[in-house]
Amino acid sequence: IHEADDENPDHYIWQSFDYPTDTLLPGQKLGWNLKTGLNRFLTSWKAADDPGLGRFSIKLDYHGDPEVYLWQGDDIIYRTGPWVGPWFSAAPEVQSTGLGFNFSFHSGSDEVYCTFQSLNSSALKSRLMVSNDGFFIMYRWAPDTEQWIHFIMYREDQCDSYRTCGPYGVCNMSAPSPCQCPQG
């Protein structure tokens with residue numbers, strides 16, 4: 001929403017991309033406008049058929065090494081790890097150029113945010129979302145089946161959960177007991 005004669009984005013009164021729901025689209029920002037204090041984050045639906053506010057949210061923390069956290073209420077349940085160039089350290093799947101996306105991070109005096117762009121027309125219909133049951137999922141539209149297909153999902157197993165094995169434990173899903181002490 002803007003004045004009829006003013007097309008300058010800095011003067012917009014309101015825009016939907018600043019207030020995402022459970023979905024982040026290509027070009028949309030996840031993070032902070034440091035001038036206004038606006039925090040752009042995702043919040044899950046209450047249920048698959050109820051768009052009311054759910055229990056899960058995805059937020060960028062820019063203090064220290066920036067990283068994205070998945071929250072259940074006031075508790076962190078997953079983190080992407082810090083930004084290490086073209087991806088977050090605990091999300092190496094996004095570094096693959098075969099996915100058709102370019103993830104980026106911006107840190108300036110006015111804004112701190114991450115976003116993604118489609119690199120080719122086959123990836124134009126894509127979205128990142130937080131599901132009502134607490135998963136961080138990336139979808140791509142499959143025109144042949146006319147369905148959204150998830151191809152990256154975080155918090156997929158017990159070791160993806162935040163601090164599953166405590167502050168010094170090592171999680172290994174292929175071990176008889178996933179939580180183990182580090183050697184030494």
# chains A, B, ... in the order shown; residues from 1 in each chain; ligands from 1

call {"tool": "residues_around", "arguments": {"residues": "Gln183 in chain A", "least_positions_apart": "6", "cutoff": "12 Å", "atoms": "only C-alpha atoms", "output": "list in words"}}
result
Tyr168, Gly169 and Val170 of chain A

call {"tool": "write_last_selection", "arguments": {"atoms": "all heavy atoms", "output": "compact mmCIF listing (two decimals), in the first residue's frame"}}
result
# COMPACT_ATOMS: atom_id res chain seq x y z
N TYR A 168 27.22 -31.39 25.42
CA TYR A 168 28.48 -31.98 24.98
C TYR A 168 28.31 -33.34 24.30
O TYR A 168 29.29 -33.95 23.91
CB TYR A 168 29.44 -32.12 26.18
CG TYR A 168 29.64 -30.82 26.90
CD1 TYR A 168 29.10 -30.61 28.16
CD2 TYR A 168 30.35 -29.78 26.30
CE1 TYR A 168 29.26 -29.39 28.81
CE2 TYR A 168 30.52 -28.57 26.94
CZ TYR A 168 29.97 -28.38 28.20
OH TYR A 168 30.13 -27.18 28.83
N GLY A 169 27.09 -33.79 24.16
CA GLY A 169 26.84 -35.10 23.56
C GLY A 169 26.96 -35.07 22.05
O GLY A 169 26.86 -34.04 21.40
N VAL A 170 27.18 -36.24 21.49
CA VAL A 170 27.26 -36.43 20.04
C VAL A 170 26.10 -37.32 19.64
O VAL A 170 25.89 -38.38 20.23
CB VAL A 170 28.61 -37.08 19.64
CG1 VAL A 170 28.63 -37.38 18.16
CG2 VAL A 170 29.77 -36.20 20.05

call {"tool": "closest_atom_pairs", "arguments": {"of": "range 99-172 of chain A", "to": "range 19-23 of chain A", "cutoff": "10 Å", "atoms": "only C-alpha atoms", "output": "JSON lines"}}
result
{"residue": "A:Arg127", "atom": "CA", "partner": "A:Thr23", "partner_atom": "CA", "distance": 6.5}
{"residue": "A:Leu128", "atom": "CA", "partner": "A:Thr23", "partner_atom": "CA", "distance": 5.6}
{"residue": "A:Met129", "atom": "CA", "partner": "A:Thr23", "partner_atom": "CA", "distance": 4.3}
{"residue": "A:Val130", "atom": "CA", "partner": "A:Asp22", "partner_atom": "CA", "distance": 5.5}
{"residue": "A:Ser131", "atom": "CA", "partner": "A:Asp22", "partner_atom": "CA", "distance": 7.2}
{"residue": "A:Asn132", "atom": "CA", "partner": "A:Asp22", "partner_atom": "CA", "distance": 8.6}
{"residue": "A:Phe136", "atom": "CA", "partner": "A:Asp22", "partner_atom": "CA", "distance": 9.9}
{"residue": "A:Ile137", "atom": "CA", "partner": "A:Thr23", "partner_atom": "CA", "distance": 9.6}
{"residue": "A:Met138", "atom": "CA", "partner": "A:Thr23", "partner_atom": "CA", "distance": 9.5}

call {"tool": "closest_residue", "arguments": {"among": "A:Arg79, A:Arg140, A:Lys125, A:Lys59", "to": "Cys159 in chain A", "atoms": "only C-alpha atoms"}}
result
A:Arg79

call {"tool": "closest_residue", "arguments": {"among": "A:Glu3, A:Asp10, A:Asp133, A:Asp49", "to": "Asp110 in chain A", "atoms": "only C-alpha atoms"}}
result
A:Asp10

call {"tool": "select_by_dssp", "arguments": {"residues": "range 8-167 of chain A", "states": "helix (DSSP H, G or I)", "output": "PyMOL selection string"}}
result
chain A and resi 9-11+16-18+92-95+97-99+121-123+158-160

call {"tool": "write_last_selection", "arguments": {"atoms": "C-alpha atoms", "output": "CSV table (one decimal), in the first residue's frame"}}
result
chain,number,residue,atom,x,y,z
A,9,PRO,CA,9.6,1.2,-1.9
A,10,ASP,CA,11.1,3.1,1.0
A,11,HIS,CA,7.8,5.0,1.3
A,16,SER,CA,2.5,-8.3,2.5
A,17,PHE,CA,6.1,-9.5,2.0
A,18,ASP,CA,6.9,-7.9,5.4
A,92,PRO,CA,24.4,-28.4,3.6
A,93,GLU,CA,21.7,-29.6,1.2
A,94,VAL,CA,21.1,-26.0,0.0
A,95,GLN,CA,24.7,-25.7,-1.3
A,97,THR,CA,23.4,-26.1,-7.4
A,98,GLY,CA,21.2,-28.9,-8.7
A,99,LEU,CA,18.4,-27.6,-6.5
A,121,SER,CA,12.3,-21.4,-14.6
A,122,SER,CA,11.7,-25.0,-13.2
A,123,ALA,CA,12.3,-23.7,-9.7
A,158,GLN,CA,16.1,-37.3,16.4
A,159,CYS,CA,19.6,-35.9,15.7
A,160,ASP,CA,18.1,-32.9,13.9

call {"tool": "residues_around", "arguments": {"residues": "range 114-119 of chain A", "least_positions_apart": "4", "cutoff": "10 Å", "atoms": "only C-alpha atoms", "output": "MDAnalysis selection string"}}
result
chainID A and resid 24:32 60 66:68 83 87 97:107 123:128

call {"tool": "atom_distance", "arguments": {"atom1": "CA of Thr164 in chain A", "atom2": "CA of Lys46 in chain A"}}
result
25.0 Å

call {"tool": "select_by_dssp", "arguments": {"residues": "range 37-153 of chain A", "states": "strand (DSSP E or B)", "output": "ChimeraX atom specification"}}
result
/A:38-40,42-47,50-61,67-72,75-79,83,88,101-107,111-118,126-130,136-142,147-153

call {"tool": "atom_distance", "arguments": {"atom1": "CA of Gly52 in chain A", "atom2": "CA of Trp71 in chain A"}}
result
16.7 Å

call {"tool": "atom_distance", "arguments": {"atom1": "CA of Leu53 in chain A", "atom2": "CA of His2 in chain A"}}
result
27.6 Å
